Structures are given as C-alpha cells and as structure tokens.
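Everything on this sheet refers to the single structure shown next.
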Amino acid sequence: MATIEQNPGELSAVDLVPTRSGHDSHEHETPTGLANTKLAMWLFLSSDCLFFGAFIATFLLYKDRSGQVGPTPKELFNIPFTSATSFILLMSSLTMVLALAAIQRGDLRRFRVWLLATALFGATFVGGQIFEFTEFTRHGLNVDTSVFGSSFYILTGLHGAHVIIGIVWLLSLWGLSMQNQLTSADAEKIEIAGLYWHFVDVVWIVIFTVIYLIPK
C-alpha cells in the first residue's frame with residue numbers, strides 16, 4: 001500500500017486543533033481584564049460608598065438642628081484619643097500591604113505576621129470605639145437622646161461593624177495559612193481582602209473628618 005508523505009511545511013488537521021494545558025489565564029476574567037471576584041468586590045465597594053454617603057449626609061443635616069437635648073459634641077469628643085485610635089487603624093493599611101507583598105513573594109512566615117498585625121490593629125480600633133461609646137453613654141448621649149445621638153451611633157457603629165467583618169475575614173485567611181492552605185498562588189484572595197480593608201480605612205478618614213474635625 002502506498003504511503004502518503006507529509007511535507008514538513010504543511011500542517012495536518014491534528015496540528016490545527018488548539019491544545020490546552022492547564023487553565024486559561026483569562027478564563028475567569030471579565031471583558032475589563034479584571035477577575036470576576038475582584039470586579040465583584042469593586043462593585044460592592046461602590047455600593048457601600050453610596051451607603052455610607054447617605055448616612056454621612058444625614059449626620060451633617062441633623063447634627064446642628066436646634067432644640068436637641070443631651071450633651072453636645074464639644075462636651076463629649078476626646079480628639080486626642082480618637083486621633084490615636086484612628087492612627088492605629090490607618091497603620092493597619094500599611095501592614096496589609098506588607099502582608100500582600102509577603103505572600104506574593106512566597107514568604108509565608110512574614111505574611112502571617114503582617115496579616116495578624118493587621119487584624120490586631122483593627123481590633124484595637126474597635127476596642128477604642130467601644131470605650132468611646134461607653135463614655136458617651138455615661139455622659140447622657142444615647143441612640144434615642146437626640147437626632148445627633150442617633151446619627152452618630154448609627155454611622156460610627158456601621159463602620160465598626162465593617163471593621164469587625166474585616167477582622168474575621170483576615171483571621172480566617174490567617175487560619176488557612178497556618179493549615180498550609182494558602183500559597184503565593186492564592187495572592188489574589190489576599191488582594192481582594194486588602195481592597196476591602198483599605199476601603200474601610202478610607203471611609204473612616206472621611207467619617208473622622210466630618211464628625212470630629214469639622215467645626216460646628
């Protein structure tokens with residue numbers, strides 16, 4: 001039987017069929033070039049901006065209304081104390097960046113240290129906020145005392161809840177790392193958690209400025 005010799009310059013039908021090795025790097029990307037999970041986080045943060053913006057606007061609208069009972073912000077606020085806890089929260093953004101850089105280069109030991117430091121800084125901020133709320137309540141400012149009291153506790157309390165969610169998230173990632181279930185290949189998970197954490201820090205800068213620093 002005669003055999004058909006193939007010209008080295010010609011391609012067979014098998015050669016024209018594309019092969020796949022592993023996962024396509026763009027398999028889980030949107031047309032914007034962002035991964036689906038990262039895009040989802042950006043969309044969530046955008047909606048959260050509107051959420052906090054509405055409460056900040058409400059606070060500004062009602063904080064100076066006449067006829068309100070109870071202590072005033074000038075009588076309650078301890079600016080040095082709140083500035084210190086705010087600085088601690090902002091420093092947690094730095095440790096979050098260091099944690100992401102560490103896992104990207106495969107340094108899991110430093111990643112765990114920086115991630116745990118971020119969670120501890122966040123917990124310190126929340127502890128300071130709880131102390132502040134306790135002091136304000138002791139001086140007569142409750143949620144139902146005045147419109148100022150309601151808007152203040154709701155706005156800062158919602159932010160505190162966001163910080164607590166972030167702490168639980170970071171500790172969960174730290175626990176996975178301790179079980180060797182996180183590697184440098186999972187750096188995107190840390191990046192997404194970092195986006196949330198940085199957002200929480202930026203929102204607090206706005207809240208701190210609006211509530212504590214803008215004069216009445």
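Naming works like this for the structure tokens: A, B, ... for the chains as they're shown, residue 1 at the start of each chain, ligands 1 onward in shown order.
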So that I can check the surroundings of Thr209 (chain A), please list as a PyMOL selection string every protein, DNA and RNA residue that reaches within 12 Å of it, counting only C-alpha atoms and ignoring chain neighbours fewer than 5 positions away. chain A and resi 56+60+79+82-83+86+202-204+214-215
Could you tell me which of A:Ala161, A:Ile205, A:Leu116, A:Leu171 comes closest to Ile130 (chain A) if we count only C-alpha atoms? A:Ala161
Alpha helix (DSSP H) residues, from DSSP on the backbone, in region 9-200 of chain A, as a ChimeraX atom specification: /A:13-16,36-62,73-76,79-104,108-138,147-178,187-200
Best match for closeness to Leu195 (chain A) among A:Leu98, A:Ile207, A:Leu141, A:Met41, counting only C-alpha atoms: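 Comparing A:Leu98, A:Ile207, A:Leu141, A:Met41 against Leu195 (chain A), the winner is A:Met41.
Residue nearest Ile192 (chain A) within the list A:Cys49, A:Val69, A:Leu100, A:Val168: A:Leu100 [criterion: smallest interatomic distance, only C-alpha atoms].
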Out of A:Val126, A:Val210, A:Ala40, A:Ile103, which residue has the shortest atom-to-atom distance to Leu173 (chain A) when counting only C-alpha atoms?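 The answer is A:Ile103, which sits nearest to Leu173 (chain A).
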Taking only C-alpha atoms into account, which of A:Thr145, A:Thr72, A:Ser172, A:Ser150 comes nearest Ala119 (chain A)?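 Smallest distance to Ala119 (chain A) is found for A:Ser172.
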Quick one, how far is CA of Leu120 (chain A) from CA of Thr95 (chain A)?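 Pair CA of Leu120 (chain A) / CA of Thr95 (chain A) returns 10.5 Å.
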Taking 4 positions as the minimum chain separation for residues in the same chain, which residues sit within 9 Å of Thr183 (chain A) when counting only C-alpha atoms? Answer as a VMD selection string. chain A and resid 103 to 104 106 108 177 187
Keeping all heavy atoms, export the residues of the selection given above as a PDB file, in the first residue's frame.
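Dumped everything to selection.pdb:
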ATOM      1  N   ILE A 103       3.153  37.442  50.705  1.00  0.00           N
ATOM      2  CA  ILE A 103       2.632  36.208  50.099  1.00  0.00           C
ATOM      3  C   ILE A 103       2.918  36.179  48.605  1.00  0.00           C
ATOM      4  O   ILE A 103       3.068  35.097  48.018  1.00  0.00           O
ATOM      5  CB  ILE A 103       1.126  36.048  50.384  1.00  0.00           C
ATOM      6  CG1 ILE A 103       0.708  34.598  50.091  1.00  0.00           C
ATOM      7  CG2 ILE A 103       0.295  37.033  49.563  1.00  0.00           C
ATOM      8  CD1 ILE A 103      -0.699  34.272  50.513  1.00  0.00           C
ATOM      9  N   GLN A 104       3.012  37.331  47.965  1.00  0.00           N
ATOM     10  CA  GLN A 104       3.326  37.350  46.537  1.00  0.00           C
ATOM     11  C   GLN A 104       4.731  36.836  46.256  1.00  0.00           C
ATOM     12  O   GLN A 104       4.983  36.256  45.202  1.00  0.00           O
ATOM     13  CB  GLN A 104       3.155  38.765  45.988  1.00  0.00           C
ATOM     14  CG  GLN A 104       1.690  39.172  45.806  1.00  0.00           C
ATOM     15  CD  GLN A 104       1.545  40.613  45.350  1.00  0.00           C
ATOM     16  OE1 GLN A 104       2.435  41.443  45.561  1.00  0.00           O
ATOM     17  NE2 GLN A 104       0.425  40.933  44.734  1.00  0.00           N
ATOM     18  N   GLY A 106       6.119  34.626  48.264  1.00  0.00           N
ATOM     19  CA  GLY A 106       6.181  33.295  48.853  1.00  0.00           C
ATOM     20  C   GLY A 106       6.713  33.245  50.265  1.00  0.00           C
ATOM     21  O   GLY A 106       7.017  32.161  50.774  1.00  0.00           O
ATOM     22  N   LEU A 108       5.701  33.053  53.544  1.00  0.00           N
ATOM     23  CA  LEU A 108       4.503  32.805  54.336  1.00  0.00           C
ATOM     24  C   LEU A 108       4.674  33.205  55.795  1.00  0.00           C
ATOM     25  O   LEU A 108       3.693  33.595  56.447  1.00  0.00           O
ATOM     26  CB  LEU A 108       4.115  31.330  54.240  1.00  0.00           C
ATOM     27  CG  LEU A 108       3.686  30.850  52.846  1.00  0.00           C
ATOM     28  CD1 LEU A 108       3.296  29.377  52.886  1.00  0.00           C
ATOM     29  CD2 LEU A 108       2.522  31.684  52.326  1.00  0.00           C
ATOM     30  N   SER A 177      -3.790  29.883  56.332  1.00  0.00           N
ATOM     31  CA  SER A 177      -2.350  29.880  56.111  1.00  0.00           C
ATOM     32  C   SER A 177      -1.641  28.977  57.121  1.00  0.00           C
ATOM     33  O   SER A 177      -0.700  28.266  56.774  1.00  0.00           O
ATOM     34  CB  SER A 177      -1.808  31.308  56.216  1.00  0.00           C
ATOM     35  OG  SER A 177      -0.409  31.339  56.124  1.00  0.00           O
ATOM     36  N   ALA A 187      -2.541  34.622  46.126  1.00  0.00           N
ATOM     37  CA  ALA A 187      -2.312  36.030  46.470  1.00  0.00           C
ATOM     38  C   ALA A 187      -3.515  36.904  46.121  1.00  0.00           C
ATOM     39  O   ALA A 187      -3.755  37.922  46.785  1.00  0.00           O
ATOM     40  CB  ALA A 187      -1.061  36.546  45.761  1.00  0.00           C
TER      41      ALA A 187
END
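Reported to one decimal place, the separation of CA of Phe52 (chain A) from CA of Leu90 (chain A) is 18.4 Å.
Distances from A:Thr137, A:Thr156, A:Gln129, A:Ser47 to Phe59 (chain A) were compared using only C-alpha atoms, and the smallest one belongs to A:Thr156.
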One decimal, Å: what's the distance from CA of Thr134 (chain A) over to CA of Ala57 (chain A), could you say?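 Computing the Euclidean distance for CA of Thr134 (chain A) and CA of Ala57 (chain A) yields 24.9 Å.
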